[in-house]
Structures are given as C-alpha cells and as structure tokens.
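Enquirer: Dropping in work.csv, with CSV, C-alpha atoms and all ligand atoms.
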chain,number,residue,atom,x,y,z
A,1,MET,CA,-18.7,68.9,-7.8
A,2,LYS,CA,-18.8,70.7,-4.5
A,3,LYS,CA,-21.8,69.6,-2.4
A,4,ARG,CA,-23.9,72.0,-0.5
A,5,LEU,CA,-26.2,70.9,2.2
A,6,PHE,CA,-29.3,73.0,2.8
A,7,THR,CA,-31.5,70.3,4.5
A,8,PRO,CA,-33.0,71.0,8.0
A,9,GLY,CA,-30.9,68.2,9.5
A,10,PRO,CA,-28.4,67.0,9.1
A,11,THR,CA,-26.8,70.4,8.6
A,12,PRO,CA,-23.2,71.2,7.7
A,13,VAL,CA,-20.5,70.5,10.3
A,14,PRO,CA,-17.6,73.0,10.6
A,15,GLU,CA,-14.2,71.7,9.9
A,16,ASP,CA,-13.0,72.5,13.5
A,17,ILE,CA,-15.6,70.2,14.9
A,18,LEU,CA,-14.9,67.4,12.4
A,19,LEU,CA,-11.2,67.6,13.4
A,20,GLU,CA,-12.0,67.3,17.1
A,21,MET,CA,-14.1,64.2,16.4
A,22,ALA,CA,-11.4,62.7,14.3
A,23,LYS,CA,-9.0,62.5,17.3
A,24,PRO,CA,-8.4,59.0,18.9
A,25,ILE,CA,-11.2,58.0,21.1
A,26,ILE,CA,-10.9,58.1,24.8
A,27,HIS,CA,-12.6,56.1,27.5
A,28,HIS,CA,-15.6,57.6,29.1
A,29,ARG,CA,-14.9,56.6,32.8
A,30,THR,CA,-11.9,58.8,33.0
A,31,SER,CA,-11.2,62.2,34.6
A,32,GLU,CA,-10.3,63.5,31.1
A,33,PHE,CA,-13.8,62.7,29.8
A,34,ARG,CA,-15.5,63.9,33.0
A,35,LYS,CA,-13.8,67.3,32.5
A,36,ILE,CA,-15.2,67.4,29.0
A,37,THR,CA,-18.7,66.5,30.3
A,38,GLU,CA,-18.5,69.2,33.0
A,39,GLU,CA,-17.7,71.8,30.4
A,40,VAL,CA,-20.4,70.6,28.1
A,41,GLN,CA,-23.1,70.5,30.8
A,42,GLY,CA,-22.3,74.2,31.7
A,43,ASN,CA,-22.4,75.3,28.2
A,44,LEU,CA,-25.6,73.5,27.5
A,45,LYS,CA,-27.3,75.4,30.3
A,46,TYR,CA,-26.1,78.6,28.6
A,47,LEU,CA,-27.5,77.5,25.2
A,48,PHE,CA,-30.9,76.4,26.7
A,49,GLN,CA,-30.9,79.4,29.0
A,50,THR,CA,-31.7,77.5,32.1
A,51,LYS,CA,-30.3,76.8,35.5
A,52,SER,CA,-31.8,73.2,35.4
A,53,PRO,CA,-29.7,70.2,34.3
A,54,VAL,CA,-29.6,69.5,30.6
A,55,LEU,CA,-29.4,65.7,30.0
A,56,ILE,CA,-27.6,64.2,27.0
A,57,LEU,CA,-28.8,61.0,25.4
A,58,ALA,CA,-27.2,58.8,22.7
A,59,SER,CA,-30.2,58.9,20.3
A,60,SER,CA,-31.7,61.0,17.6
A,61,GLY,CA,-34.2,63.7,18.6
A,62,THR,CA,-37.1,61.3,18.5
A,63,GLY,CA,-35.5,59.3,21.4
A,64,ALA,CA,-35.6,62.4,23.6
A,65,MET,CA,-39.3,63.0,22.5
A,66,GLU,CA,-40.0,59.4,23.6
A,67,ALA,CA,-38.1,59.9,26.9
A,68,ALA,CA,-40.1,63.0,27.6
A,69,VAL,CA,-43.4,61.2,27.2
A,70,SER,CA,-42.4,58.0,29.0
A,71,ASN,CA,-40.9,59.9,32.0
A,72,ILE,CA,-43.6,62.5,32.7
A,73,LEU,CA,-46.9,60.7,31.9
A,74,SER,CA,-48.7,57.7,33.4
A,75,SER,CA,-51.0,55.4,31.5
A,76,GLY,CA,-54.4,56.9,30.6
A,77,GLU,CA,-53.4,60.5,31.5
A,78,LYS,CA,-54.4,63.3,29.2
A,79,ALA,CA,-51.9,65.0,26.9
A,80,LEU,CA,-52.7,68.0,24.7
A,81,VAL,CA,-50.8,67.8,21.5
A,82,VAL,CA,-50.5,70.6,18.9
A,83,LYS,CA,-50.6,68.9,15.5
A,84,GLY,CA,-49.6,71.3,12.8
A,85,GLY,CA,-47.2,69.1,10.9
A,86,LYS,CA,-45.3,65.9,10.8
A,87,PHE,CA,-43.4,66.4,14.1
A,88,GLY,CA,-46.5,67.4,16.1
A,89,GLU,CA,-48.1,64.3,14.8
A,90,ARG,CA,-45.1,62.3,15.9
A,91,PHE,CA,-45.6,63.5,19.5
A,92,ALA,CA,-49.2,62.4,19.3
A,93,GLU,CA,-48.1,59.0,18.0
A,94,ILE,CA,-45.6,58.6,20.9
A,95,CYS,CA,-48.1,59.6,23.5
A,96,SER,CA,-50.7,57.1,22.0
A,97,SER,CA,-48.1,54.3,21.9
A,98,TYR,CA,-47.6,54.8,25.7
A,99,GLY,CA,-51.3,54.7,26.4
A,100,ALA,CA,-51.8,58.4,27.1
A,101,ARG,CA,-55.1,60.0,26.1
A,102,VAL,CA,-54.2,62.3,23.3
A,103,ILE,CA,-56.3,65.5,23.0
A,104,PRO,CA,-55.3,66.8,19.6
A,105,LEU,CA,-55.2,70.4,18.7
A,106,ASP,CA,-55.2,70.2,14.9
A,107,VAL,CA,-53.7,73.1,13.1
A,108,GLU,CA,-53.7,73.5,9.3
A,109,TRP,CA,-50.3,72.7,8.0
A,110,GLY,CA,-48.6,76.1,7.4
A,111,LYS,CA,-50.5,77.9,10.0
A,112,ALA,CA,-49.5,78.7,13.6
A,113,VAL,CA,-51.5,77.6,16.7
A,114,LYS,CA,-53.3,80.4,18.5
A,115,PRO,CA,-52.2,80.4,22.1
A,116,GLU,CA,-55.7,81.3,23.3
A,117,LEU,CA,-56.9,78.0,21.9
A,118,VAL,CA,-54.4,76.2,24.2
A,119,GLU,CA,-55.8,78.1,27.1
A,120,LYS,CA,-59.4,77.3,26.1
A,121,ILE,CA,-58.7,73.6,26.0
A,122,LEU,CA,-56.8,73.5,29.2
A,123,THR,CA,-59.6,75.3,30.9
A,124,GLN,CA,-62.4,73.1,29.4
A,125,GLU,CA,-60.7,69.7,29.7
A,126,LYS,CA,-59.8,69.0,33.3
A,127,ASP,CA,-56.6,67.2,34.2
A,128,ILE,CA,-54.4,67.7,31.2
A,129,LYS,CA,-51.0,66.6,32.5
A,130,ALA,CA,-48.9,67.9,29.7
A,131,VAL,CA,-48.9,70.1,26.5
A,132,PHE,CA,-46.7,69.0,23.7
A,133,ILE,CA,-45.7,71.6,21.1
A,134,THR,CA,-43.1,72.0,18.3
A,135,LEU,CA,-41.3,75.3,18.4
A,136,CYS,CA,-40.3,75.2,14.7
A,137,GLU,CA,-42.4,72.7,12.8
A,138,THR,CA,-39.8,71.6,10.4
A,139,SER,CA,-42.3,70.1,7.9
A,140,THR,CA,-43.9,73.5,7.4
A,141,GLY,CA,-41.3,76.0,8.6
A,142,VAL,CA,-43.8,77.5,11.0
A,143,LEU,CA,-42.7,79.1,14.3
A,144,THR,CA,-44.9,78.7,17.4
A,145,ASP,CA,-45.3,81.5,20.0
A,146,ILE,CA,-44.1,79.4,22.9
A,147,GLN,CA,-43.5,82.4,25.1
A,148,ALA,CA,-47.2,83.2,25.1
A,149,ILE,CA,-48.1,79.5,25.6
A,150,GLY,CA,-45.5,79.3,28.5
A,151,ARG,CA,-47.4,82.1,30.3
A,152,ILE,CA,-50.7,80.2,29.9
A,153,VAL,CA,-49.5,76.7,30.9
A,154,ALA,CA,-47.7,78.2,34.0
A,155,LYS,CA,-51.2,79.1,35.4
A,156,PHE,CA,-52.0,75.3,35.5
A,157,SER,CA,-50.0,73.9,38.5
A,158,ASP,CA,-50.3,70.3,37.4
A,159,THR,CA,-49.7,70.7,33.7
A,160,LEU,CA,-46.2,70.6,32.1
A,161,LEU,CA,-45.2,72.3,28.9
A,162,VAL,CA,-43.0,70.1,26.6
A,163,ILE,CA,-41.3,71.8,23.7
A,164,ASP,CA,-39.7,70.1,20.7
A,165,ALA,CA,-37.0,72.6,19.9
A,166,ILE,CA,-35.1,70.1,17.8
A,167,SER,CA,-34.9,72.3,14.7
A,168,SER,CA,-34.9,75.6,16.5
A,169,LEU,CA,-32.7,75.7,19.6
A,170,GLY,CA,-29.6,77.7,18.7
A,171,ALA,CA,-31.3,79.4,15.8
A,172,VAL,CA,-34.4,81.1,17.3
A,173,SER,CA,-35.0,82.5,20.8
A,174,CYS,CA,-35.9,79.7,23.3
A,175,GLN,CA,-35.6,80.9,26.9
A,176,THR,CA,-36.3,77.8,28.9
A,177,ASP,CA,-36.5,79.4,32.4
A,178,ALA,CA,-37.8,82.8,31.6
A,179,TRP,CA,-40.6,81.4,29.5
A,180,ASN,CA,-41.6,78.6,32.0
A,181,LEU,CA,-40.8,75.8,29.6
A,182,ASP,CA,-40.8,72.5,31.6
A,183,VAL,CA,-39.1,70.2,29.1
A,184,VAL,CA,-37.1,71.4,26.2
A,185,ILE,CA,-35.8,68.9,23.7
A,186,SER,CA,-33.2,69.3,21.0
A,187,GLY,CA,-30.9,67.3,18.8
A,188,SER,CA,-27.3,67.4,17.6
A,189,GLN,CA,-27.8,67.5,13.8
A,190,LYS,CA,-29.4,70.9,13.5
A,191,ALA,CA,-28.2,74.3,14.9
A,192,LEU,CA,-25.6,72.5,17.1
A,193,MET,CA,-23.6,71.9,13.9
A,194,LEU,CA,-22.9,68.2,14.7
A,195,PRO,CA,-23.7,64.9,13.0
A,196,PRO,CA,-26.8,63.1,14.2
A,197,GLY,CA,-26.7,60.9,17.3
A,198,LEU,CA,-27.1,63.1,20.4
A,199,SER,CA,-30.3,64.4,21.9
A,200,PHE,CA,-30.9,66.8,24.8
A,201,LEU,CA,-33.5,67.5,27.4
A,202,ALA,CA,-33.6,70.5,29.7
A,203,ILE,CA,-36.0,69.6,32.6
A,204,SER,CA,-37.6,72.1,35.1
A,205,GLU,CA,-38.1,71.4,38.8
A,206,LYS,CA,-41.9,71.2,38.2
A,207,ALA,CA,-41.1,68.4,35.6
A,208,TRP,CA,-38.8,66.6,38.0
A,209,ARG,CA,-41.5,66.4,40.6
A,210,ARG,CA,-43.7,64.8,38.0
A,211,ILE,CA,-41.0,62.4,36.9
A,212,GLU,CA,-40.7,61.1,40.5
A,213,LYS,CA,-44.4,60.0,40.4
A,214,SER,CA,-44.9,59.0,36.8
A,215,GLN,CA,-45.4,55.3,36.0
A,216,LEU,CA,-44.8,54.4,32.4
A,217,PRO,CA,-42.3,51.7,31.6
A,218,ARG,CA,-38.8,52.8,30.6
A,219,TYR,CA,-35.2,51.6,31.0
A,220,TYR,CA,-32.6,53.1,28.6
A,221,PHE,CA,-34.5,56.3,28.6
A,222,ASP,CA,-35.1,56.5,32.4
A,223,LEU,CA,-34.2,60.1,33.0
A,224,LYS,CA,-33.6,59.7,36.7
A,225,LYS,CA,-30.6,57.5,35.8
A,226,TYR,CA,-29.1,60.2,33.5
A,227,HIS,CA,-29.8,62.9,36.1
A,228,LYS,CA,-28.1,61.0,38.9
A,229,SER,CA,-25.0,60.2,36.7
A,230,SER,CA,-24.9,63.8,35.4
A,231,GLU,CA,-24.3,65.1,38.9
A,232,LYS,CA,-20.9,63.3,38.8
A,233,PHE,CA,-20.4,64.4,35.2
A,234,ASP,CA,-21.0,60.8,34.1
A,235,PHE,CA,-23.5,58.7,32.1
A,236,PRO,CA,-25.5,55.6,33.0
A,237,PHE,CA,-24.5,53.9,29.8
A,238,THR,CA,-21.7,54.3,27.2
A,239,PRO,CA,-22.1,57.8,25.9
A,240,ALA,CA,-21.5,58.7,22.2
A,241,VAL,CA,-17.9,59.8,23.2
A,242,SER,CA,-16.8,61.3,19.8
A,243,LEU,CA,-20.0,63.3,19.4
A,244,ILE,CA,-19.6,64.7,22.9
A,245,VAL,CA,-16.0,65.7,22.1
A,246,GLY,CA,-17.4,67.4,19.0
A,247,LEU,CA,-20.2,69.0,21.2
A,248,ARG,CA,-17.6,70.6,23.4
A,249,LYS,CA,-16.2,72.3,20.4
A,250,SER,CA,-19.6,73.2,19.0
A,251,LEU,CA,-20.7,74.8,22.3
A,252,SER,CA,-17.4,76.7,22.6
A,253,LEU,CA,-18.1,78.2,19.1
A,254,ILE,CA,-21.6,79.0,20.2
A,255,ARG,CA,-20.4,80.7,23.4
A,256,GLU,CA,-17.8,82.6,21.4
A,257,GLU,CA,-20.4,84.0,19.0
A,258,GLY,CA,-23.0,84.6,21.7
A,259,ILE,CA,-26.6,83.5,21.6
A,260,GLU,CA,-28.0,87.0,20.8
A,261,ASN,CA,-25.6,87.3,17.9
A,262,ILE,CA,-26.4,83.8,16.6
A,263,ILE,CA,-30.2,84.5,16.7
A,264,LYS,CA,-29.5,87.8,14.9
A,265,ARG,CA,-27.5,86.0,12.2
A,266,HIS,CA,-30.3,83.5,11.7
A,267,GLU,CA,-32.8,86.4,11.5
A,268,ILE,CA,-30.8,88.1,8.8
A,269,LEU,CA,-30.2,84.9,6.8
A,270,ALA,CA,-33.8,84.0,7.0
A,271,ALA,CA,-35.0,87.5,6.0
A,272,ALA,CA,-32.6,87.4,3.0
A,273,THR,CA,-33.9,84.0,1.9
A,274,ARG,CA,-37.6,85.0,2.3
A,275,THR,CA,-37.1,88.3,0.5
A,276,ALA,CA,-35.2,86.6,-2.4
A,277,VAL,CA,-37.8,83.9,-3.0
A,278,LYS,CA,-40.6,86.4,-2.9
A,279,ALA,CA,-38.7,88.5,-5.5
A,280,LEU,CA,-38.7,85.5,-7.7
A,281,GLY,CA,-42.5,85.5,-7.5
A,282,LEU,CA,-42.6,82.5,-5.2
A,283,GLU,CA,-44.9,82.1,-2.2
A,284,LEU,CA,-43.9,81.0,1.4
A,285,LEU,CA,-45.9,78.2,3.0
A,286,ALA,CA,-45.6,79.4,6.6
A,287,GLU,CA,-48.0,82.0,7.9
A,288,LYS,CA,-45.4,82.8,10.6
A,289,PRO,CA,-42.0,81.5,9.4
A,290,ALA,CA,-39.3,80.4,11.7
A,291,ASP,CA,-35.7,81.6,11.1
A,292,SER,CA,-34.4,78.0,10.9
A,293,LEU,CA,-35.7,77.2,7.4
A,294,THR,CA,-37.8,78.6,4.6
A,295,ALA,CA,-40.6,76.5,3.2
A,296,VAL,CA,-41.5,77.6,-0.3
A,297,LYS,CA,-44.5,76.6,-2.5
A,298,VAL,CA,-43.5,75.0,-5.8
A,299,PRO,CA,-44.9,77.3,-8.5
A,300,GLU,CA,-47.6,76.1,-10.8
A,301,GLY,CA,-46.3,74.3,-13.8
A,302,ILE,CA,-43.1,73.2,-12.1
A,303,ASP,CA,-42.5,69.6,-10.9
A,304,GLY,CA,-41.3,69.9,-7.3
A,305,ALA,CA,-39.5,66.5,-7.4
A,306,GLU,CA,-37.7,67.5,-10.7
A,307,LEU,CA,-36.6,70.8,-9.2
A,308,THR,CA,-35.0,69.3,-6.1
A,309,LYS,CA,-33.5,66.5,-8.2
A,310,ARG,CA,-32.0,69.0,-10.7
A,311,LEU,CA,-30.6,71.1,-7.9
A,312,LYS,CA,-28.9,68.1,-6.4
A,313,GLU,CA,-27.6,66.5,-9.5
A,314,LYS,CA,-26.6,69.5,-11.5
A,315,TYR,CA,-25.6,72.0,-8.9
A,316,GLY,CA,-24.7,69.8,-5.9
A,317,VAL,CA,-27.3,71.7,-3.8
A,318,ASN,CA,-29.4,69.7,-1.5
A,319,PHE,CA,-32.8,71.3,-0.6
A,320,ALA,CA,-35.4,69.2,1.3
A,321,GLY,CA,-38.7,68.5,-0.5
A,322,GLY,CA,-42.1,68.4,1.2
A,323,GLN,CA,-43.1,65.6,3.6
A,324,GLU,CA,-46.3,63.6,3.5
A,325,LYS,CA,-49.2,65.7,2.3
A,326,LEU,CA,-46.7,68.4,1.2
A,327,LYS,CA,-44.6,66.1,-1.0
A,328,GLY,CA,-44.0,67.7,-4.3
A,329,LYS,CA,-45.8,70.9,-3.2
A,330,ILE,CA,-43.0,72.7,-1.4
A,331,PHE,CA,-39.3,72.8,-1.1
A,332,ARG,CA,-37.4,73.8,2.0
A,333,ILE,CA,-34.2,75.8,2.3
A,334,ALA,CA,-32.5,75.3,5.7
A,335,HIS,CA,-30.3,78.0,7.1
A,336,LEU,CA,-29.8,76.8,10.7
A,337,GLY,CA,-26.4,76.2,12.3
A,338,TYR,CA,-23.3,76.7,10.3
A,339,PHE,CA,-24.5,79.1,7.6
A,340,ASP,CA,-23.4,82.5,6.5
A,341,LYS,CA,-24.4,85.2,4.0
A,342,LEU,CA,-22.7,83.6,1.0
A,343,ASP,CA,-24.4,80.3,1.6
A,344,ILE,CA,-27.7,82.1,1.1
A,345,ILE,CA,-26.4,83.6,-2.2
A,346,SER,CA,-25.4,80.2,-3.5
A,347,ALA,CA,-28.7,78.7,-2.5
A,348,ILE,CA,-30.7,81.4,-4.3
A,349,SER,CA,-28.4,81.4,-7.3
A,350,ALA,CA,-28.8,77.6,-7.7
A,351,LEU,CA,-32.5,77.9,-7.3
A,352,GLU,CA,-32.7,80.6,-10.0
A,353,MET,CA,-30.7,78.6,-12.5
A,354,ALA,CA,-32.7,75.4,-11.9
A,355,LEU,CA,-36.0,77.3,-12.1
A,356,SER,CA,-34.9,79.0,-15.3
A,357,GLU,CA,-34.0,75.6,-16.8
A,358,LEU,CA,-37.4,74.2,-15.9
A,359,GLY,CA,-39.0,77.1,-17.8
A,360,TYR,CA,-40.2,79.2,-14.9
A,361,LYS,CA,-40.5,82.8,-16.0
A,362,PHE,CA,-38.8,85.5,-13.9
A,363,GLU,CA,-36.0,88.0,-14.1
A,364,LEU,CA,-32.8,86.2,-13.7
A,365,GLY,CA,-30.7,87.7,-10.8
A,366,SER,CA,-33.8,89.3,-9.1
A,367,GLY,CA,-33.6,86.9,-6.2
A,368,ILE,CA,-29.9,87.4,-5.6
A,369,LYS,CA,-30.3,91.1,-5.8
A,370,ALA,CA,-33.0,91.1,-3.2
A,371,ALA,CA,-31.0,88.8,-0.9
A,372,GLU,CA,-27.9,91.0,-1.3
A,373,GLU,CA,-29.9,94.1,-0.4
A,374,VAL,CA,-31.1,92.5,2.9
A,375,LEU,CA,-27.6,91.1,3.7
A,376,LEU,CA,-26.0,94.5,3.1
A,377,LYS,CA,-28.5,96.4,5.1
A,378,GLY,CA,-29.2,93.8,7.9
A,379,ILE,CA,-32.6,94.1,9.6
B,401,LIG,C1,-39.0,69.5,14.8
B,401,LIG,C2,-38.5,68.2,14.8
B,401,LIG,N1,-38.9,67.3,15.7
B,401,LIG,C3,-38.4,66.0,15.6
B,401,LIG,C4,-37.5,65.6,14.7
B,401,LIG,C5,-37.0,64.2,14.7
B,401,LIG,O1,-35.7,64.1,15.1
B,401,LIG,P1,-34.8,62.9,14.7
B,401,LIG,O2,-34.9,62.7,13.2
B,401,LIG,O3,-33.4,63.4,15.1
B,401,LIG,O4,-35.3,61.7,15.5
B,401,LIG,C6,-37.0,66.5,13.7
B,401,LIG,C7,-36.1,66.1,12.7
B,401,LIG,O5,-36.1,66.5,11.6
B,401,LIG,C8,-37.5,67.8,13.8
B,401,LIG,O6,-37.1,68.7,12.9
How would this structure read if it were set down as structure tokens?
Ligand SMILES: Cc1ncc(COP(=O)(O)O)c(C=O)c1O

Expert:
Amino acid sequence: MKKRLFTPGPTPVPEDILLEMAKPIIHHRTSEFRKITEEVQGNLKYLFQTKSPVLILASSGTGAMEAAVSNILSSGEKALVVKGGKFGERFAEICSSYGARVIPLDVEWGKAVKPELVEKILTQEKDIKAVFITLCETSTGVLTDIQAIGRIVAKFSDTLLVIDAISSLGAVSCQTDAWNLDVVISGSQKALMLPPGLSFLAISEKAWRRIEKSQLPRYYFDLKKYHKSSEKFDFPFTPAVSLIVGLRKSLSLIREEGIENIIKRHEILAAATRTAVKALGLELLAEKPADSLTAVKVPEGIDGAELTKRLKEKYGVNFAGGQEKLKGKIFRIAHLGYFDKLDIISAISALEMALSELGYKFELGSGIKAAEEVLLKGI
C-alpha cells in the first residue's frame, strides 16, 4: 500500500532532497561544507525575511524554544506566554523550568488571542521582558495575528517578542523584520520539507542586546557561540551535516518557487481542504485557521480514534488526531511543505471513504467536488 503522510510534522520530503542527503557524508571543517553553510545562511535570511543572522541548531524545534528562553531571560524575570494550545503551554513550561515568572494569557483552545489583550497586560504589568507566542498553534490549527502583536510589542523598548513559527514558517506569511519580531523559531520537519533534526532562530538586534546581558545557565544552546561561528560559516559543535546538505536543496527549491507563490499555494490548498470538509457537513475547530493544517471536529456518533486508525490501516493515509484535551475530538489534516492539489484530493477522498464505512451520512463525492471547485478557481 502506498503511504501518504498528512501529519503536521514530520511532513513528506521531496525525492530530490532525499537524494542529496543520501550522498556520502563530508567533514564539516572543510571549505566545501563552509560554502554550503554560506549559501544556506543567505537563503535562510530570505525565508525568514530578515537581515539578521539565522542560527542553525542540531535539535528538534523544542531545543530552539529552550534556547530562546535560556538566552534572553534571567532568573525571576517576567514572561508573558500566550497559552492557546499544547505548544503555547510548552513555552510556559520551559520558562518555568528556567525560573522565569510566567504571566499566562490563557486562550480557549480553538480561539485566537486578541492582540489588544497583549497590550493591556504589557501596560498593566510592568517589566515584562518577553512575550512568547505561537504563530500557528499546531494542536488547534489556529493562526495568531503576530503582525498586530509585533506593532504592540515594538512600543515597549525592553520587551522582546518571541515567535514559535515551527509549523508555519514557509507556509504562512511571517515577516521577521517588517513585523518587528525579535526571535523567530522554526524546525526542519515542517514546511522546510526535511526530516526532523534541525531548528532555526532568527534574532533581532534588540534581542542580541538582551542576550549579552541575560544570565540563565546554558552551554550547548549558548547562542553567542553559534553566532560567532556563523560569521565564519562554521558551527561550534558538529552540525547535522546531512540535514544541512538537504537544507541547501530545500532552500533552493523554496527560492525557485518564491515565498509569495509558496504562501499562495498554501492558501489555496488550505481553502480547498476547509471547503471540502464543510461540504461534508463537518465543522472546523479553529476560529481563525492557519493555512498549515486543518483541524476538524469529529462528528457526533463517530469514534475519532477509529477514524484515524481506519484511514491509516486501510488507506495508508496518516492524519493526526487531537492532542491532550482534544484527543478523540478532532483530526488534523496537514498541508504544509511538499503538498500539491492532488494531495488534497487524495486526503478528502480517503476521508470520505472512511467516514462512509463508519456510517456517517453525507453525499459521497461532495467533499471532492467542493475541493476541486476551489482548486480550479483558485482564490
Ligand atoms: C507550533 C509547534 N511548536 C513546537 C513544536 C515542537 O517541535 P519539536 O517536536 O520539533 O520539538 C511543534 C511540533 O509539532 C509545533 O508544531
């Protein structure tokens, strides 16, 4: 059976990238590898839309989240954390682990934070040193208006804005410099179309000034070390060589397609998916859905775990289920990274067949028809 991966990380990896990574490994302290690093660093700036350095770590995305916290805060400092899902909660956990004082901004799962609430808290609570926000909250599929929040945080000279763009960079618009984002974090296994294992941090000048002063313990994740080495297109420790070779290919594919076109492609695929599931009589979870993935409520009378199991075992289609309090209540169809129109058709077709077998009542083919109409017309 052909397997199709629709999970929001890891995501499918194009064959061209797999082939690059299959080449014999090279040593990292060589001019050959430094040339690759130089090209990769330039293209990462393009992807993050920044003039600032973008650092590369050998870790999953959480490593870069931890690096952000441990490099910009000092013990006891206040951090405002937007908690609207599992990954916002993770930021809060990391901040607490390092002894920061977390000021939570709890948002109902499935809803988007209101930017004016961020402003209200920043004004009321003095001395908040950083605001931590997830651009696309992968557990709910919600998109945050970080452009509006960037305008707000920029008014506070001693507050940094840290964005978890792990499941969104390269799928939705994220303009690091233009939107005043101080730290933008991403990971390899999402829209970058690579296997897991690399994480990235774009860091503004305002954030570098803070890093110079901050006093939390760190060693492997000391960003000053990575910054210093990156100026010579080098790394402080052994980098994930094969992944970086794959990253060069991935970024060249991204440059070839162009960020605006990539964002448009995600917009169309997401619109087709959303329209299709609604045509099946299903409901979206996210009030304001991101174009990276579509979170869908499991309809009444259907067992969510049985649905995803059947999709995987009978059709080779891997959707993600819900996490924590949403377990069994939603399923998530990812369309970030290496996805095209016919991927959406196969996802919707498999969903229709599995739902039909489980006894859900709807008109067979109505989801595919709705998706095709969006895909033909564009948006
Ligand atoms: C928004 C978001 N933040 C953080 C993470 C954690 O990244 P990782 O699993 O690579 O550590 C993920 C991964 O799914 C994510 O989607």

Enquirer: For region 148-250 of chain A against region 108-117 of chain A, with a cut-off of 10 Å and counting only C-alpha atoms, what is the closest atom pair and its distance in Å to one decimal for every residue that makes the cut, ordered by chain and number, as a Markdown table?

Expert:
| residue | atom | partner | partner_atom | distance |
| --- | --- | --- | --- | --- |
| A:Ala148 | CA | A:Pro115 | CA | 6.5 |
| A:Ile149 | CA | A:Pro115 | CA | 5.5 |
| A:Gly150 | CA | A:Pro115 | CA | 9.3 |
| A:Arg151 | CA | A:Pro115 | CA | 9.7 |
| A:Ile152 | CA | A:Pro115 | CA | 7.9 |
| A:Val153 | CA | A:Pro115 | CA | 9.9 |

Enquirer: Any idea what's packed within 8 Å of Ile56 (chain A), counting all atoms listed in the file, ignoring anything in its chain fewer than 5 positions away? Could you give it as number ranges by chain?

Expert: A: 198-201, 226

Enquirer: For region 333-336 of chain A, work out the shell of residues within 9 Å, counting only C-alpha atoms and skipping chain neighbours fewer than 6 positions away, then give it as a ChimeraX atom specification.

Expert: /A:5-9,11,167-168,170-171,190-193,266,269-270,273,291-296,318-320,343-344,347

Enquirer: Could you give me, as a PyMOL selection string, every polymer residue with an atom at most 9 Å away from an atom of ligand LIG 401 (chain B), counting only C-alpha atoms and all ligand atoms?

Expert: chain A and resi 8-10+59-65+86-88+90-91+134-139+164-168+185-190+196-199

Enquirer: Neighbouring residues of Ser97 (chain A) were defined as those with any atom within 10 Å, considering all atoms listed in the file; residues of the same chain fewer than 5 positions away were excluded. Please report them as a list of chain:residue names.

Expert: A:Glu66, A:Val69, A:Ser70, A:Phe91, A:Ala92

Enquirer: Output C-alpha atoms of each residue in that selection to a file, as a compact mmCIF listing (two decimals), in the frame of the given file.

Expert:
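Result saved to result.txt:
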# COMPACT_ATOMS: atom_id res chain seq x y z
CA GLU A 66 -40.00 59.40 23.60
CA VAL A 69 -43.40 61.20 27.20
CA SER A 70 -42.40 58.00 29.00
CA PHE A 91 -45.60 63.50 19.50
CA ALA A 92 -49.20 62.40 19.30

Enquirer: Name the residues in contact with Ile103 (chain A) at a cut-off of 9 Å, using all atoms listed in the file, excluding same-chain residues fewer than 5 positions from it; report them as a PyMOL selection string.

Expert: chain A and resi 78-82+92+121+128

Enquirer: For Ile36 (chain A), which residue among A:Leu143, A:Ile345, A:Val245, A:Ala68 is the nearest when counting all atoms listed in the file?

Expert: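 With all atoms listed in the file as the atom set, the closest residue is A:Val245.
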
Enquirer: Env of Glu313 (chain A): 12 Å cut, atoms = all atoms listed in the file, seq-sep filter 5 positions within chain, self excluded. Answer as a PyMOL selection string.

Expert: chain A and resi 1-4+306-308+318-319+350+354

Enquirer: What is the CA of Ser75 (chain A) to CA of Val107 (chain A) distance in Å?

Expert: 25.7 Å

Enquirer: Between CA of Lys361 (chain A) and CA of Val298 (chain A), what is the distance, to one decimal in Å?

Expert: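 So the two atoms, CA of Lys361 (chain A) and CA of Val298 (chain A), lie 13.2 Å apart.
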
Enquirer: Let me make sure I understand: among A:Arg265, A:Ile244, A:Phe33, A:Glu324, which one has the smallest atom-to-atom distance to Glu89 (chain A) if we use all atoms listed in the file?

Expert: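 Nearest to Glu89 (chain A): A:Glu324.
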
Enquirer: Quote the spacing between CA of Lys369 (chain A) and CA of Leu280 (chain A) in Å to one decimal place.

Expert: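 Calculated distance between CA of Lys369 (chain A) and CA of Leu280 (chain A) is 10.3 Å.
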
Enquirer: Compare A:Gly99, A:Gly328, A:Gly281, A:Gly378 by their minimum atom-to-atom distance to Phe362 (chain A), counting only C-alpha atoms, and give me the closest one.

Expert: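 Of the candidates, the smallest distance to Phe362 (chain A) is held by A:Gly281.
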